[in-house]
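A.B. asks: I am sharing entry_14.cif, which consists of mmCIF, C-alpha atoms and all ligand atoms:
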```
data_start
loop_
_atom_site.label_atom_id
_atom_site.label_comp_id
_atom_site.auth_asym_id
_atom_site.auth_seq_id
_atom_site.Cartn_x
_atom_site.Cartn_y
_atom_site.Cartn_z
CA MET A 1 23.41 -2.60 -18.07
CA ASP A 2 23.38 -3.20 -14.30
CA GLU A 3 20.42 -4.70 -12.52
CA ILE A 4 17.11 -2.92 -13.18
CA TYR A 5 14.83 -3.22 -10.17
CA LEU A 6 11.20 -2.61 -11.10
CA ASP A 7 9.36 -4.35 -8.28
CA ASN A 8 9.03 -1.34 -5.98
CA ALA A 9 5.38 -2.01 -5.13
CA ALA A 10 6.58 -5.27 -3.53
CA THR A 11 9.43 -3.67 -1.65
CA THR A 12 12.09 -1.02 -2.20
CA ARG A 13 15.85 -0.83 -1.80
CA PRO A 14 16.62 0.70 1.61
CA LEU A 15 18.40 4.07 1.43
CA SER A 16 21.97 4.09 2.74
CA GLU A 17 20.84 6.57 5.45
CA VAL A 18 18.26 3.99 6.52
CA ILE A 19 20.82 1.18 6.75
CA ASN A 20 23.23 3.45 8.66
CA ARG A 21 20.59 4.52 11.13
CA VAL A 22 19.30 0.98 11.79
CA THR A 23 22.88 -0.21 12.38
CA GLU A 24 23.76 2.79 14.53
CA VAL A 25 20.73 2.32 16.79
CA MET A 26 21.36 -1.43 17.10
CA GLU A 27 24.96 -0.76 18.05
CA ASN A 28 24.54 2.21 20.36
CA ASP A 29 20.95 2.47 21.57
CA PHE A 30 19.91 -1.11 22.16
CA GLY A 31 17.91 -0.35 25.32
CA ASN A 32 14.30 -1.35 25.79
CA PRO A 33 12.23 1.82 25.27
CA SER A 34 10.09 0.88 28.29
CA SER A 35 13.10 0.78 30.67
CA LEU A 36 13.35 3.63 33.15
CA HIS A 37 17.13 4.13 32.90
CA HIS A 38 18.93 6.27 30.34
CA ARG A 39 19.35 3.42 27.83
CA GLY A 40 15.58 3.08 27.78
CA ALA A 41 15.15 6.83 27.39
CA ALA A 42 17.61 6.92 24.48
CA ALA A 43 15.68 4.20 22.63
CA GLU A 44 12.38 5.92 23.39
CA ARG A 45 13.72 9.16 21.90
CA HIS A 46 14.28 7.45 18.54
CA ILE A 47 10.70 6.22 18.52
CA GLN A 48 9.31 9.63 19.45
CA GLN A 49 11.35 11.35 16.73
CA THR A 50 9.85 9.17 14.01
CA ARG A 51 6.39 9.47 15.55
CA LYS A 52 6.63 13.25 15.54
CA PHE A 53 7.92 13.44 11.99
CA LEU A 54 5.25 11.09 10.63
CA ALA A 55 2.56 13.01 12.53
CA THR A 56 3.76 16.32 11.05
CA LEU A 57 3.80 14.77 7.58
CA LEU A 58 0.23 13.52 7.95
CA GLU A 59 -0.84 16.75 9.73
CA VAL A 60 -2.06 14.82 12.77
CA LYS A 61 -1.00 14.64 16.43
CA PRO A 62 1.94 12.41 17.49
CA GLY A 63 -0.44 10.71 19.96
CA GLU A 64 -2.51 9.50 17.01
CA ILE A 65 0.36 7.42 15.54
CA TYR A 66 0.88 3.79 16.64
CA PHE A 67 3.83 1.73 15.41
CA THR A 68 3.30 -1.86 14.26
CA SER A 69 5.19 -4.55 12.37
CA GLY A 70 3.97 -3.31 8.98
CA GLY A 71 0.99 -2.74 6.73
CA THR A 72 -0.44 -6.20 7.34
CA GLU A 73 -0.58 -5.72 11.10
CA SER A 74 -1.89 -2.15 10.90
CA ASN A 75 -4.71 -3.30 8.61
CA ASN A 76 -5.66 -6.24 10.83
CA LEU A 77 -5.51 -4.09 13.95
CA ALA A 78 -7.63 -1.31 12.43
CA LEU A 79 -10.31 -3.60 11.02
CA LYS A 80 -10.67 -6.31 13.64
CA GLY A 81 -10.05 -3.80 16.44
CA THR A 82 -12.81 -1.47 15.23
CA ALA A 83 -15.34 -4.17 14.34
CA LEU A 84 -14.95 -5.90 17.71
CA ASN A 85 -15.02 -2.71 19.74
CA TYR A 86 -18.11 -1.23 18.08
CA LYS A 87 -20.10 -4.39 17.29
CA ASN A 88 -22.91 -3.34 19.60
CA ARG A 89 -23.64 -0.40 17.29
CA GLY A 90 -24.13 -2.64 14.25
CA GLN A 91 -22.65 -5.61 12.43
CA HIS A 92 -22.41 -4.42 8.84
CA LEU A 93 -19.03 -3.68 7.24
CA ILE A 94 -18.08 -2.47 3.75
CA THR A 95 -14.93 -3.01 1.73
CA THR A 96 -13.97 -3.72 -1.89
CA GLN A 97 -13.14 -6.75 -4.01
CA ILE A 98 -9.69 -5.38 -4.81
CA GLU A 99 -8.16 -4.90 -1.37
CA HIS A 100 -4.79 -6.32 -0.36
CA PRO A 101 -5.19 -9.76 1.31
CA SER A 102 -4.39 -8.22 4.70
CA VAL A 103 -7.67 -6.29 4.40
CA TYR A 104 -9.72 -8.71 2.29
CA ASN A 105 -8.93 -11.74 4.44
CA ALA A 106 -9.42 -9.79 7.67
CA PHE A 107 -13.00 -9.12 6.46
CA LYS A 108 -13.41 -12.81 5.50
CA SER A 109 -12.43 -13.75 9.03
CA LEU A 110 -14.81 -11.16 10.55
CA GLU A 111 -17.57 -12.66 8.38
CA GLU A 112 -16.94 -16.02 10.02
CA THR A 113 -17.61 -14.47 13.42
CA GLY A 114 -21.02 -13.14 12.37
CA PHE A 115 -20.39 -9.75 10.72
CA LYS A 116 -22.08 -9.05 7.36
CA VAL A 117 -19.68 -7.67 4.75
CA THR A 118 -20.47 -5.91 1.45
CA TYR A 119 -17.61 -6.22 -1.08
CA LEU A 120 -17.91 -3.35 -3.58
CA GLN A 121 -17.06 -4.20 -7.19
CA PRO A 122 -14.86 -1.61 -8.94
CA ASP A 123 -15.37 -0.46 -12.52
CA SER A 124 -13.06 -1.71 -15.30
CA ARG A 125 -10.40 0.80 -14.18
CA GLY A 126 -10.36 -0.59 -10.64
CA ILE A 127 -12.14 2.46 -9.25
CA ILE A 128 -14.96 2.60 -6.68
CA SER A 129 -17.51 5.38 -7.05
CA PRO A 130 -19.07 7.40 -4.20
CA GLN A 131 -22.51 6.54 -5.68
CA GLN A 132 -22.05 2.80 -5.29
CA LEU A 133 -20.70 3.28 -1.78
CA GLN A 134 -23.75 5.43 -0.98
CA LYS A 135 -26.05 2.58 -2.04
CA ALA A 136 -24.24 0.07 0.19
CA LEU A 137 -24.45 2.14 3.41
CA LYS A 138 -27.02 0.92 5.95
CA PRO A 139 -28.09 1.99 9.45
CA GLU A 140 -26.15 -1.04 10.80
CA THR A 141 -22.89 -0.10 9.01
CA ILE A 142 -20.07 0.61 11.47
CA LEU A 143 -16.92 0.48 9.31
CA VAL A 144 -15.82 1.06 5.71
CA SER A 145 -12.34 0.20 4.43
CA ILE A 146 -11.16 1.29 0.97
CA MET A 147 -7.55 1.39 -0.17
CA TYR A 148 -5.94 4.60 -1.47
CA VAL A 149 -3.90 3.04 -4.28
CA ASN A 150 -4.43 -0.48 -5.56
CA ASN A 151 -1.18 -2.42 -5.31
CA GLU A 152 -1.73 -4.43 -8.52
CA LEU A 153 -3.21 -1.85 -10.88
CA GLY A 154 -2.15 1.46 -9.37
CA SER A 155 -5.77 2.71 -9.49
CA LEU A 156 -6.27 5.77 -7.32
CA GLU A 157 -9.50 5.74 -5.33
CA PRO A 158 -11.41 9.02 -4.76
CA VAL A 159 -10.79 8.71 -1.03
CA SER A 160 -11.83 12.20 -0.01
CA LYS A 161 -15.18 11.94 -1.85
CA LEU A 162 -15.74 8.43 -0.46
CA ALA A 163 -15.14 9.77 3.06
CA GLN A 164 -17.58 12.62 2.44
CA THR A 165 -20.23 10.12 1.31
CA ILE A 166 -19.79 8.10 4.49
CA LYS A 167 -19.81 11.07 6.85
CA ASN A 168 -22.84 12.64 5.12
CA TYR A 169 -24.69 9.39 5.80
CA SER A 170 -23.52 9.08 9.41
CA ARG A 171 -20.69 10.52 11.48
CA ASP A 172 -20.74 7.27 13.50
CA ILE A 173 -19.33 5.13 10.67
CA PHE A 174 -15.55 4.74 10.80
CA PHE A 175 -13.48 4.98 7.62
CA HIS A 176 -10.19 3.07 7.27
CA VAL A 177 -7.81 3.64 4.37
CA ASP A 178 -4.94 1.31 3.46
CA ALA A 179 -2.43 3.90 2.25
CA VAL A 180 0.55 1.53 1.97
CA GLN A 181 1.01 2.26 -1.76
CA ALA A 182 0.14 5.94 -1.39
CA LEU A 183 2.65 7.09 1.24
CA GLY A 184 5.42 9.09 -0.41
CA LYS A 185 3.58 9.25 -3.74
CA ILE A 186 0.33 11.04 -2.93
CA PRO A 187 -0.21 13.75 -0.29
CA LEU A 188 -1.97 12.22 2.72
CA HIS A 189 -4.16 14.34 5.02
CA PRO A 190 -6.32 11.92 7.01
CA GLN A 191 -7.82 14.54 9.29
CA GLN A 192 -8.76 16.95 6.52
CA ASP A 193 -10.11 14.05 4.45
CA ASN A 194 -12.30 12.61 7.23
CA ILE A 195 -10.29 9.40 7.50
CA ASP A 196 -10.42 7.79 10.96
CA LEU A 197 -7.76 5.11 10.48
CA LEU A 198 -4.88 5.04 7.99
CA THR A 199 -2.27 2.35 7.38
CA VAL A 200 1.31 2.97 6.19
CA SER A 201 4.40 0.77 5.84
CA ALA A 202 8.10 1.70 5.82
CA HIS A 203 9.50 -0.76 3.29
CA LYS A 204 7.51 0.67 0.37
CA ILE A 205 9.35 4.00 0.71
CA ASN A 206 12.96 2.77 0.92
CA GLY A 207 12.69 2.17 4.67
CA PRO A 208 13.21 -1.07 6.60
CA GLN A 209 10.94 -4.11 6.28
CA GLY A 210 8.81 -5.08 9.28
CA VAL A 211 7.87 -1.54 10.34
CA GLY A 212 4.52 0.13 9.86
CA ALA A 213 2.19 2.57 11.52
CA LEU A 214 -1.48 3.09 12.08
CA TYR A 215 -2.98 6.56 12.36
CA MET A 216 -6.02 6.42 14.61
CA LYS A 217 -8.09 9.53 15.21
CA ASN A 218 -8.15 10.74 18.81
CA GLY A 219 -11.28 9.68 20.63
CA MET A 220 -11.61 6.34 18.83
CA MET A 221 -11.11 3.16 20.80
CA ILE A 222 -10.22 -0.17 19.24
CA LYS A 223 -9.64 -3.62 20.65
CA PRO A 224 -5.95 -4.59 20.54
CA LEU A 225 -5.00 -7.82 18.74
CA LEU A 226 -2.19 -8.72 21.14
CA GLU A 227 -2.25 -9.16 24.89
CA GLY A 228 0.98 -8.13 26.60
CA GLY A 229 2.91 -5.31 28.19
CA GLY A 230 0.69 -2.51 26.88
CA GLN A 231 3.23 -0.73 24.68
CA GLU A 232 2.05 1.90 22.18
CA ARG A 233 -0.50 3.24 24.70
CA ASP A 234 -2.04 -0.23 25.20
CA LEU A 235 -2.84 -0.64 21.52
CA ARG A 236 0.09 -2.75 20.37
CA SER A 237 1.84 -4.82 23.01
CA GLY A 238 5.34 -6.13 22.37
CA THR A 239 8.76 -4.49 22.67
CA GLU A 240 8.99 -1.91 19.91
CA ASN A 241 11.26 -2.47 16.91
CA THR A 242 13.40 0.54 17.86
CA PRO A 243 16.05 0.20 15.10
CA GLY A 244 13.36 -0.30 12.47
CA ILE A 245 11.25 2.62 13.68
CA ALA A 246 14.40 4.80 13.83
CA GLY A 247 15.26 3.69 10.29
CA PHE A 248 11.79 4.72 9.10
CA LEU A 249 12.74 8.38 9.79
CA PRO A 250 15.30 8.91 6.97
CA ALA A 251 12.89 7.21 4.57
CA LEU A 252 10.12 9.63 5.57
CA LYS A 253 12.53 12.57 5.25
CA ASN A 254 13.34 11.40 1.71
CA ILE A 255 9.75 11.82 0.50
CA PRO A 256 9.82 14.52 -2.22
CA LYS A 257 8.99 18.00 -0.92
CA GLN A 258 6.42 18.32 -3.67
CA VAL A 259 4.41 15.41 -2.21
CA ASN A 260 4.49 16.96 1.25
CA GLY A 261 3.54 20.23 -0.37
CA GLY A 262 0.31 18.78 -1.68
CA SER A 263 0.81 17.33 -5.17
CA THR A 264 1.74 13.89 -6.49
CA ASP A 265 5.33 12.93 -7.32
CA GLU A 266 5.59 14.53 -10.78
CA GLN A 267 9.02 13.14 -11.61
CA LEU A 268 7.83 9.59 -11.04
CA ALA A 269 4.54 10.29 -12.84
CA SER A 270 6.39 11.51 -15.92
CA LEU A 271 8.67 8.43 -15.90
CA LYS A 272 5.52 6.30 -15.77
CA GLN A 273 3.94 8.16 -18.72
CA PHE A 274 7.20 7.83 -20.67
CA THR A 275 7.25 4.06 -20.03
CA ILE A 276 3.60 3.60 -21.00
CA ARG A 277 4.26 5.44 -24.30
CA GLN A 278 7.32 3.26 -24.94
CA ILE A 279 5.24 0.13 -24.31
CA GLN A 280 2.43 1.29 -26.60
CA ASN A 281 4.87 2.19 -29.38
CA THR A 282 6.97 -0.97 -29.12
CA ILE A 283 4.76 -3.89 -28.11
CA SER A 284 1.80 -4.95 -30.20
CA ARG A 285 -1.42 -6.40 -28.74
CA VAL A 286 -0.55 -5.09 -25.28
CA GLN A 287 -3.29 -4.02 -22.92
CA ILE A 288 -2.51 -1.36 -20.32
CA ASN A 289 -4.58 -2.18 -17.22
CA THR A 290 -3.44 0.80 -15.16
CA PRO A 291 -6.00 3.59 -15.61
CA GLN A 292 -5.33 7.28 -16.13
CA GLN A 293 -6.46 7.96 -12.57
CA SER A 294 -3.55 6.17 -10.89
CA ALA A 295 -0.54 6.47 -8.62
CA PRO A 296 2.75 7.55 -10.22
CA HIS A 297 4.67 4.29 -9.71
CA ILE A 298 2.60 1.31 -10.93
CA ILE A 299 2.13 0.05 -14.49
CA ASN A 300 0.12 -3.13 -14.99
CA ILE A 301 0.05 -4.65 -18.48
CA SER A 302 -1.36 -7.80 -20.08
CA LEU A 303 -0.26 -9.72 -23.13
CA PRO A 304 -2.24 -12.46 -24.86
CA ASP A 305 -0.85 -15.99 -25.32
CA ILE A 306 1.89 -15.62 -22.77
CA LYS A 307 2.24 -16.46 -19.09
CA GLY A 308 3.24 -13.54 -16.88
CA GLU A 309 5.32 -15.90 -14.75
CA VAL A 310 7.37 -17.03 -17.76
CA LEU A 311 7.99 -13.43 -18.78
CA VAL A 312 9.08 -12.51 -15.23
CA HIS A 313 11.69 -15.28 -15.27
CA ALA A 314 12.80 -14.48 -18.82
CA LEU A 315 13.44 -10.85 -17.82
CA GLU A 316 15.25 -11.99 -14.69
CA GLU A 317 17.83 -13.65 -16.96
CA ASP A 318 18.75 -10.13 -18.03
CA ASP A 319 18.75 -8.78 -14.46
CA ILE A 320 15.40 -7.02 -14.86
CA TYR A 321 13.04 -7.54 -11.93
CA VAL A 322 9.29 -7.13 -12.39
CA SER A 323 6.36 -8.99 -10.85
CA THR A 324 3.24 -10.90 -11.82
CA GLY A 325 1.38 -9.39 -8.90
CA SER A 326 1.81 -8.44 -5.28
CA ALA A 327 4.92 -10.25 -3.98
CA CYS A 328 3.14 -11.25 -0.79
CA HIS A 329 0.91 -13.63 -2.67
CA SER A 330 2.07 -13.94 -6.28
CA ARG A 331 2.94 -17.59 -5.78
CA GLN A 332 -0.66 -18.37 -4.84
CA LYS A 333 -2.19 -16.70 -7.92
CA ILE A 334 -4.65 -14.82 -5.70
CA ASN A 335 -3.95 -11.76 -7.83
CA ASN A 336 -6.58 -13.12 -10.22
CA ARG A 337 -9.16 -11.86 -7.71
CA ILE A 338 -8.22 -8.31 -8.62
CA LEU A 339 -7.90 -8.88 -12.35
CA LYS A 340 -11.25 -10.71 -12.38
CA ALA A 341 -12.86 -7.86 -10.43
CA ILE A 342 -12.02 -5.47 -13.28
CA ASN A 343 -13.38 -8.02 -15.77
CA LEU A 344 -10.10 -8.57 -17.56
CA SER A 345 -10.81 -10.92 -20.44
CA GLU A 346 -9.79 -14.56 -20.06
CA LYS A 347 -7.10 -14.38 -22.75
CA TYR A 348 -5.25 -11.68 -20.82
CA LEU A 349 -5.64 -13.06 -17.27
CA GLU A 350 -2.52 -15.20 -17.28
CA GLY A 351 -0.31 -12.79 -19.19
CA THR A 352 -0.19 -9.96 -16.69
CA ILE A 353 2.91 -8.30 -15.29
CA ARG A 354 3.38 -5.35 -12.95
CA ILE A 355 6.21 -2.88 -13.43
CA SER A 356 6.64 -0.66 -10.38
CA LEU A 357 9.00 2.30 -10.34
CA SER A 358 11.00 4.25 -7.81
CA ALA A 359 12.78 7.59 -7.97
CA LEU A 360 16.00 5.62 -8.51
CA ASN A 361 14.87 4.40 -11.97
CA THR A 362 15.84 6.24 -15.16
CA LYS A 363 14.44 6.72 -18.68
CA GLN A 364 17.34 4.69 -20.08
CA GLU A 365 16.43 1.78 -17.81
CA MET A 366 12.81 1.96 -18.92
CA GLU A 367 13.74 2.07 -22.63
CA HIS A 368 16.00 -0.93 -22.13
CA THR A 369 13.30 -2.83 -20.20
CA VAL A 370 10.61 -2.25 -22.83
CA HIS A 371 13.02 -3.33 -25.55
CA LYS A 372 13.80 -6.51 -23.56
CA ILE A 373 10.10 -7.26 -22.99
CA LYS A 374 9.55 -7.09 -26.75
CA GLU A 375 12.56 -9.31 -27.39
CA LYS A 376 11.37 -11.91 -24.86
CA ILE A 377 7.81 -11.91 -26.19
CA ASP A 378 9.02 -12.37 -29.78
CA TYR A 379 11.22 -15.26 -28.64
CA LEU A 380 8.54 -16.90 -26.44
CA HIS A 381 5.95 -16.70 -29.23
CA ILE A 382 8.11 -18.72 -31.65
C1 LIG A 401 -1.86 -2.08 -0.49
C2 LIG A 401 -1.07 -2.88 0.47
N1 LIG A 401 -1.51 -3.04 1.71
C3 LIG A 401 -0.82 -3.74 2.63
C4 LIG A 401 0.39 -4.33 2.33
C5 LIG A 401 1.12 -5.10 3.38
O1 LIG A 401 2.18 -4.34 3.91
P1 LIG A 401 3.40 -5.03 4.67
O2 LIG A 401 4.21 -5.73 3.63
O3 LIG A 401 4.13 -3.91 5.33
O4 LIG A 401 2.80 -5.98 5.67
C6 LIG A 401 0.90 -4.21 1.04
C7 LIG A 401 2.16 -4.88 0.64
O5 LIG A 401 2.33 -5.27 -0.51
C8 LIG A 401 0.16 -3.45 0.08
O6 LIG A 401 0.62 -3.26 -1.16
#
```
Once more with this new file: its structure as structure tokens, please.
Ligand SMILES: Cc1ncc(COP(=O)(O)O)c(C=O)c1O
C.D. replies:
Amino acid sequence: MDEIYLDNAATTRPLSEVINRVTEVMENDFGNPSSLHHRGAAAERHIQQTRKFLATLLEVKPGEIYFTSGGTESNNLALKGTALNYKNRGQHLITTQIEHPSVYNAFKSLEETGFKVTYLQPDSRGIISPQQLQKALKPETILVSIMYVNNELGSLEPVSKLAQTIKNYSRDIFFHVDAVQALGKIPLHPQQDNIDLLTVSAHKINGPQGVGALYMKNGMMIKPLLEGGGQERDLRSGTENTPGIAGFLPALKNIPKQVNGGSTDEQLASLKQFTIRQIQNTISRVQINTPQQSAPHIINISLPDIKGEVLVHALEEDDIYVSTGSACHSRQKINNRILKAINLSEKYLEGTIRISLSALNTKQEMEHTVHKIKEKIDYLHI
């Protein structure tokens, strides 16, 4: 069998339309979008096209979309920008123990500058309840950030109910959602769901790496992270990544109609269920960490007496690519923060792998992968 790529939560293979568009724009429309002449205008048109399409998809206004260098930057901008701009209203912030490091560490750094942060602990499924959020809200709270889909476990947070809890308490508290793993898989309606800031990234949906966006509700003001030429309506200085932003468009257009229409990606969800059944029927003593309430593309499993890292490399020998955790930090073993937060028992902590799917994967590939995992485990246990 050819290569089986199952690390789609880390990054995805760019679509050929994406590659063509990036190349085309680099070759033909290399102008600086801020330039007044026609080359500038041509580059600017590419940016506006993607902005408009993303805005329509999210059911927001184009003026509420700001392009950045990716999910990491959008998260930092949203969190630090809001906290710093509204610190006179209060200095209490809320997030969770299972956020991506670009959120978690942004809060750690805000803590160092004097903000007080509450880190909510999820239940054993990796889910945060509106009740526990309710208890954490205080008169001094100015910002809450909770991810839509956890990148390690796939757990799907009840974002709309969490937003309702916040807004019932106070309309002055801002709600940020890291939707990097949700875009393209789950319908996103920030305005309808009372979300003030929402982060997305192109390379998780077969778009180019190094391109992201932040939705920020009209009327909100945040402090920019970068000083410079005032691009993106003064929020994100620096010459825009025009080819990358243009290449984001075909990736957005490729999102299944069904997701835009309001339901999750059923084809992917059924491939995930098929794979989980295969795993349960083939591999003994396996623990499935991904809960029922989860995104359609992530499967996190643990095996006792085995190191996830060893299994990842063993599978690589057969051209099967999975992960031990989020690629951004898997080498630092920080992923244990998330596994510990769901109280995964000690014997399973080391033996965890993440299998993440895309629409390009097939049932045959998944059958073959599960068979190979069993083969490798049997061999490694000898
Ligand atoms: C949930 C989540 N947030 C943020 C990021 C960071 O996005 P980017 O790689 O575009 O900086 C990732 C990437 O793995 C992620 O999974």
A.B. asks: Could you tell me, counting all atoms listed in the file, which protein and nucleic acid residues lie no more than 7 Å from ligand LIG 401 (chain A), written as a PyMOL selection string?
C.D. replies: chain A and resi 9-10+70-73+99-100+102+147+149-151+178-181+201-203+209-212+326-328
A.B. asks: Could you tell me, as a ChimeraX atom specification, which residues have any atom at most 7 Å from (7.6, 2.1, -7.3), counting all atoms listed in the file?
C.D. replies: /A:7-9,297-298,356-358
A.B. asks: Between A:Ser263, A:Thr242, A:Asn281, A:Asn361, which residue has the minimum interatomic distance to Asn28 of chain A, considering all atoms listed in the file?
C.D. replies: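 Among the listed residues, the smallest separation from Asn28 of chain A belongs to A:Thr242.
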A.B. asks: With distances taken over all atoms listed in the file, which residue among A:Ala42, A:Lys376, A:Leu271, A:Glu346 lies nearest Leu360 of chain A?
C.D. replies: A:Leu271
A.B. asks: Hey, what's within 9 Å of Asn241 of chain A if we count all atoms listed in the file and toss same-chain stuff fewer than 2 positions away? As an NGL selection string, please?
C.D. replies: :A and (47 or 67-69 or 210-211 or 238-239 or 243-246)
A.B. asks: Restricting the calculation to only C-alpha atoms, which member of A:Ile353, A:Leu133, A:Leu311, A:Phe107 is positioned closest to His381 of chain A?
C.D. replies: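 Answer, going by the shortest atom-to-atom distance: A:Leu311.
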A.B. asks: If we count all atoms listed in the file and set the cut-off at 8 Å, which residues sit around Ile205 of chain A, ignoring sequence neighbours fewer than 3 positions away in its own chain? Please answer as number ranges by chain.
C.D. replies: A: 12, 183-184, 201-202, 251-252, 255
A.B. asks: Mind giving me the straight-line distance from atom CA of Pro139 of chain A to atom CA of Leu225 of chain A in Å, one decimal?
C.D. replies: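 Result for atom CA of Pro139 of chain A versus atom CA of Leu225 of chain A: 26.8 Å, one decimal.
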A.B. asks: Between atom CA of Glu266 of chain A and atom CA of Gln191 of chain A, what is the distance in Å, rounded to a tenth?
C.D. replies: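 Atom CA of Gln191 of chain A lies 24.1 Å from atom CA of Glu266 of chain A.
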A.B. asks: Rank nothing, just name the residue among A:Val25, A:Ile320, A:Leu110, A:Ile342 nearest to Pro122 of chain A, using all atoms listed in the file.
C.D. replies: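 Among A:Val25, A:Ile320, A:Leu110, A:Ile342, it is A:Ile342 that comes nearest to Pro122 of chain A.
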A.B. asks: Rank A:Thr56, A:Ile222, A:Met1, A:Gln132 by their smallest atom-to-atom distance to Asn85 of chain A, using only C-alpha atoms, and report the top residue only.
C.D. replies: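 Answer, going by the shortest atom-to-atom distance: A:Ile222.
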A.B. asks: Which residues come within 9 Å of segment 58-61 of chain A, counting all atoms listed in the file, excluding same-chain residues fewer than 4 positions away, as a ChimeraX atom specification?
C.D. replies: /A:52-54,65,187-192,215,217-218,260
A.B. asks: Rank nothing, just name the residue among A:Leu137, A:Ile279, A:Ile94, A:Val103 nearest to Val117 of chain A, using all atoms listed in the file.
C.D. replies: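 Between A:Leu137, A:Ile279, A:Ile94, A:Val103, the residue approaching Val117 of chain A most closely is A:Ile94.
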A.B. asks: For Ile195 of chain A, please output as a PyMOL selection string all residues within 9 Å (counting all atoms listed in the file; exclusion window: fewer than 5 positions along the same chain).
C.D. replies: chain A and resi 159-160+163+174-177+189-190+216-217
A.B. asks: May I ask for the distance between atom CA of Val22 of chain A and atom CA of Ala43 of chain A, given in Å to one decimal place?
C.D. replies: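 Computed distance, atom CA of Val22 of chain A to atom CA of Ala43 of chain A, equals 11.9 Å.
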A.B. asks: Write out as a PyMOL selection string which residues come within 10 Å of Gly308 of chain A when counting all atoms listed in the file, dropping same-chain ones fewer than 6 positions away.
C.D. replies: chain A and resi 301-302+314+322-325+348-354
A.B. asks: Please work out which residues fall within 6 Å of (-4.0, -8.4, -25.5), coordinates as given in the file, with only C-alpha atoms counting, and return them as a JSON list (two decimals) with C-alpha atoms, in the coordinates of the input.
C.D. replies:
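Once everything was written out, this is result31.json:
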```
[["chain", "number", "residue", "atom", "x", "y", "z"],
["A", 285, "ARG", "CA", -1.42, -6.40, -28.74],
["A", 286, "VAL", "CA", -0.55, -5.09, -25.28],
["A", 287, "GLN", "CA", -3.29, -4.02, -22.92],
["A", 303, "LEU", "CA", -0.26, -9.72, -23.13],
["A", 304, "PRO", "CA", -2.24, -12.46, -24.86],
["A", 348, "TYR", "CA", -5.25, -11.68, -20.82]]
```
